[in-house]
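The next block is coords.txt, given as compact mmCIF, C-alpha atoms.
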# COMPACT_ATOMS: atom_id res chain seq x y z
CA MET A 100 41.76 58.74 -23.59
CA VAL A 101 44.30 56.72 -21.60
CA TYR A 102 41.55 54.62 -20.06
CA SER A 103 40.16 53.80 -23.52
CA GLU A 104 43.65 52.80 -24.66
CA ARG A 105 43.93 50.51 -21.66
CA ARG A 106 40.53 48.98 -22.39
CA SER A 107 41.43 48.25 -26.01
CA SER A 108 44.94 46.92 -25.35
CA VAL A 109 44.40 45.09 -22.03
CA ASP A 110 40.85 44.79 -20.78
CA ASN A 111 39.33 43.77 -24.14
CA ASP A 112 42.28 41.67 -25.26
CA ASN A 113 42.85 38.23 -23.73
CA PHE A 114 46.55 38.23 -24.60
CA GLY A 115 46.98 41.75 -23.17
CA THR A 116 45.32 40.69 -19.91
CA LEU A 117 47.44 37.53 -19.72
CA LEU A 118 50.66 39.45 -20.42
CA GLU A 119 49.86 42.09 -17.79
CA GLN A 120 49.12 39.46 -15.14
CA MET A 121 52.21 37.44 -16.09
CA GLN A 122 54.47 40.46 -15.74
CA ALA A 123 52.86 41.46 -12.45
CA THR A 124 53.55 37.96 -11.12
CA ALA A 125 57.02 37.47 -12.60
CA TYR A 126 58.45 40.88 -11.67
CA VAL A 127 57.28 41.25 -8.08
CA ALA A 128 60.28 43.36 -6.99
CA HIS A 129 60.91 45.18 -10.27
CA PRO A 130 59.40 48.17 -12.11
CA TYR A 131 58.33 45.82 -14.95
CA GLN A 132 55.54 44.73 -12.59
CA ILE A 133 53.77 48.06 -13.23
CA PRO A 134 51.97 48.29 -16.60
CA THR A 135 53.13 51.08 -18.92
CA ILE A 136 49.69 52.70 -18.99
CA GLY A 137 49.14 51.98 -15.31
CA TRP A 138 46.62 50.06 -13.25
CA PRO A 139 42.98 51.23 -13.42
CA SER A 140 43.24 52.56 -9.86
CA ASP A 141 46.24 54.69 -10.93
CA ILE A 142 44.40 56.14 -13.91
CA GLU A 143 41.31 56.91 -11.81
CA GLY A 144 43.47 58.80 -9.29
CA TRP A 145 45.12 61.14 -11.77
CA LYS A 146 44.49 64.86 -11.44
CA ILE A 147 44.66 67.18 -14.44
CA GLU A 148 47.38 69.23 -12.70
CA ASP A 149 49.56 66.12 -12.31
CA LEU A 150 49.19 65.26 -16.00
CA GLN A 151 50.00 68.81 -17.08
CA ALA A 152 53.12 68.90 -14.87
CA TYR A 153 54.27 65.52 -16.22
CA TYR A 154 53.74 66.63 -19.81
CA LYS A 155 55.57 69.92 -19.25
CA GLN A 156 58.58 68.19 -17.72
CA TYR A 157 58.99 65.10 -19.88
CA TYR A 158 57.71 66.36 -23.24
CA ALA A 159 60.02 69.36 -23.24
CA PRO A 160 62.32 70.07 -26.18
CA ASN A 161 65.45 69.66 -24.05
CA ASN A 162 64.28 66.12 -23.16
CA ALA A 163 63.62 65.08 -26.76
CA VAL A 164 65.54 63.09 -29.34
CA MET A 165 64.99 63.59 -33.04
CA LEU A 166 66.04 61.17 -35.75
CA VAL A 167 66.14 62.07 -39.42
CA VAL A 168 66.75 59.28 -41.89
CA GLY A 169 66.91 59.04 -45.63
CA ALA A 170 68.37 61.10 -48.41
CA VAL A 171 68.11 64.54 -46.85
CA ASP A 172 70.15 67.69 -46.99
CA PRO A 173 71.62 68.05 -43.47
CA GLU A 174 71.80 71.84 -43.74
CA ALA A 175 68.10 72.01 -44.63
CA VAL A 176 67.22 69.76 -41.67
CA PHE A 177 69.21 71.93 -39.25
CA LYS A 178 67.61 75.04 -40.71
CA LEU A 179 64.09 73.63 -40.22
CA ALA A 180 64.94 72.43 -36.71
CA GLU A 181 66.27 75.86 -35.80
CA ARG A 182 63.16 77.54 -37.21
CA TYR A 183 60.56 75.33 -35.54
CA LEU A 184 62.25 73.89 -32.46
CA ALA A 185 64.54 76.67 -31.21
CA PRO A 186 61.63 78.89 -30.08
CA LEU A 187 60.28 76.13 -27.80
CA GLU A 188 61.04 76.87 -24.16
CA ALA A 189 63.34 74.45 -22.34
CA GLN A 190 62.18 73.06 -19.00
CA PRO A 191 64.16 72.03 -15.91
CA ALA A 192 65.77 68.64 -16.35
CA PRO A 193 63.75 65.69 -15.00
CA ARG A 194 64.82 64.11 -11.72
CA ARG A 195 67.14 61.14 -12.12
Take the structure in the file and write it out as structure tokens.
Amino acid sequence: MVYSERRSSVDNDNFGTLLEQMQATAYVAHPYQIPTIGWPSDIEGWKIEDLQAYYKQYYAPNNAVMLVVGAVDPEAVFKLAERYLAPLEAQPAPRR
């Protein structure tokens, strides 16, 4: 899935390839040098356990932000959030 996203947004897109190479060259000593999806060698080295641990830690309810916009009833929103989100188990905070 991630590899196919990379192929469609970078490998099969001239502008995506150019942008990735430009950032890798311009930000030699900065995290911007590393593509968001990762280099192909990174993706190929992933293990399912690593992905599951990452998902569990960073996609946890205590690490989420929710925005509600528009003409809503705040009490109804809080009630729905309590009903559907409160049962989700919090995870240890990510490392800084």
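Reported to one decimal place, the separation of atom CA of A:Pro139 from atom CA of A:Val101 is 9.9 Å.
Around A:Leu184, within 8 Å and counting all atoms listed in the file, the residues found are Pro160, Leu179 and Ala180 of chain A, once anything fewer than 4 positions away on its own chain is removed.
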Selected residues written out with C-alpha atoms, as a CSV table (one decimal), keeping the file's coordinate frame:
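Output saved as part32.csv:
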chain,number,residue,atom,x,y,z
A,160,PRO,CA,62.3,70.1,-26.2
A,179,LEU,CA,64.1,73.6,-40.2
A,180,ALA,CA,64.9,72.4,-36.7
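Interatomic distance, atom CA of A:Asn162 against atom CA of A:Pro191: 9.4 Å.
One finds atom CA of A:Tyr153 at 28.9 Å from atom CA of A:Val176.
When only C-alpha atoms are used to compute distances to A:Lys155, the closest of the residues A:Pro193, A:Pro186, A:Gly169, A:Pro134 turns out to be A:Pro193.
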Worksheet item: Skipping near chain neighbours, those fewer than 2 positions away, what residues fall within 10 Å of A:Ile136 using only C-alpha atoms, listed as a PyMOL selection string?
Response: chain A and resi 101-102+104-105+108-109+133-134+138-139+141-142
Centre and edge lengths, as lines of an AutoDock Vina configuration file, for the axis-aligned box enclosing every listed atom of stretch 131-136 of chain A with 5 Å of padding on each of the six sides, in Å to one decimal?
center_x = 54.0
center_y = 48.7
center_z = -15.8
size_x = 18.6
size_y = 18.0
size_z = 16.4
Discussion item. Env of A:Tyr157: 12 Å cut, atoms = all atoms listed in the file, seq-sep filter 3 positions within chain, self excluded. Answer as a VMD selection string.
Written reply: chain A and resid 150 to 154 160 to 164 189 to 195
Item to complete: Starting from the point (49.2, 40.8, -14.7), work out which residues of protein, DNA or RNA have an atom no more than 12 Å away when counting only C-alpha atoms; state them as a PyMOL selection string.
Response: chain A and resi 109-110+113-127+131-135+137-138
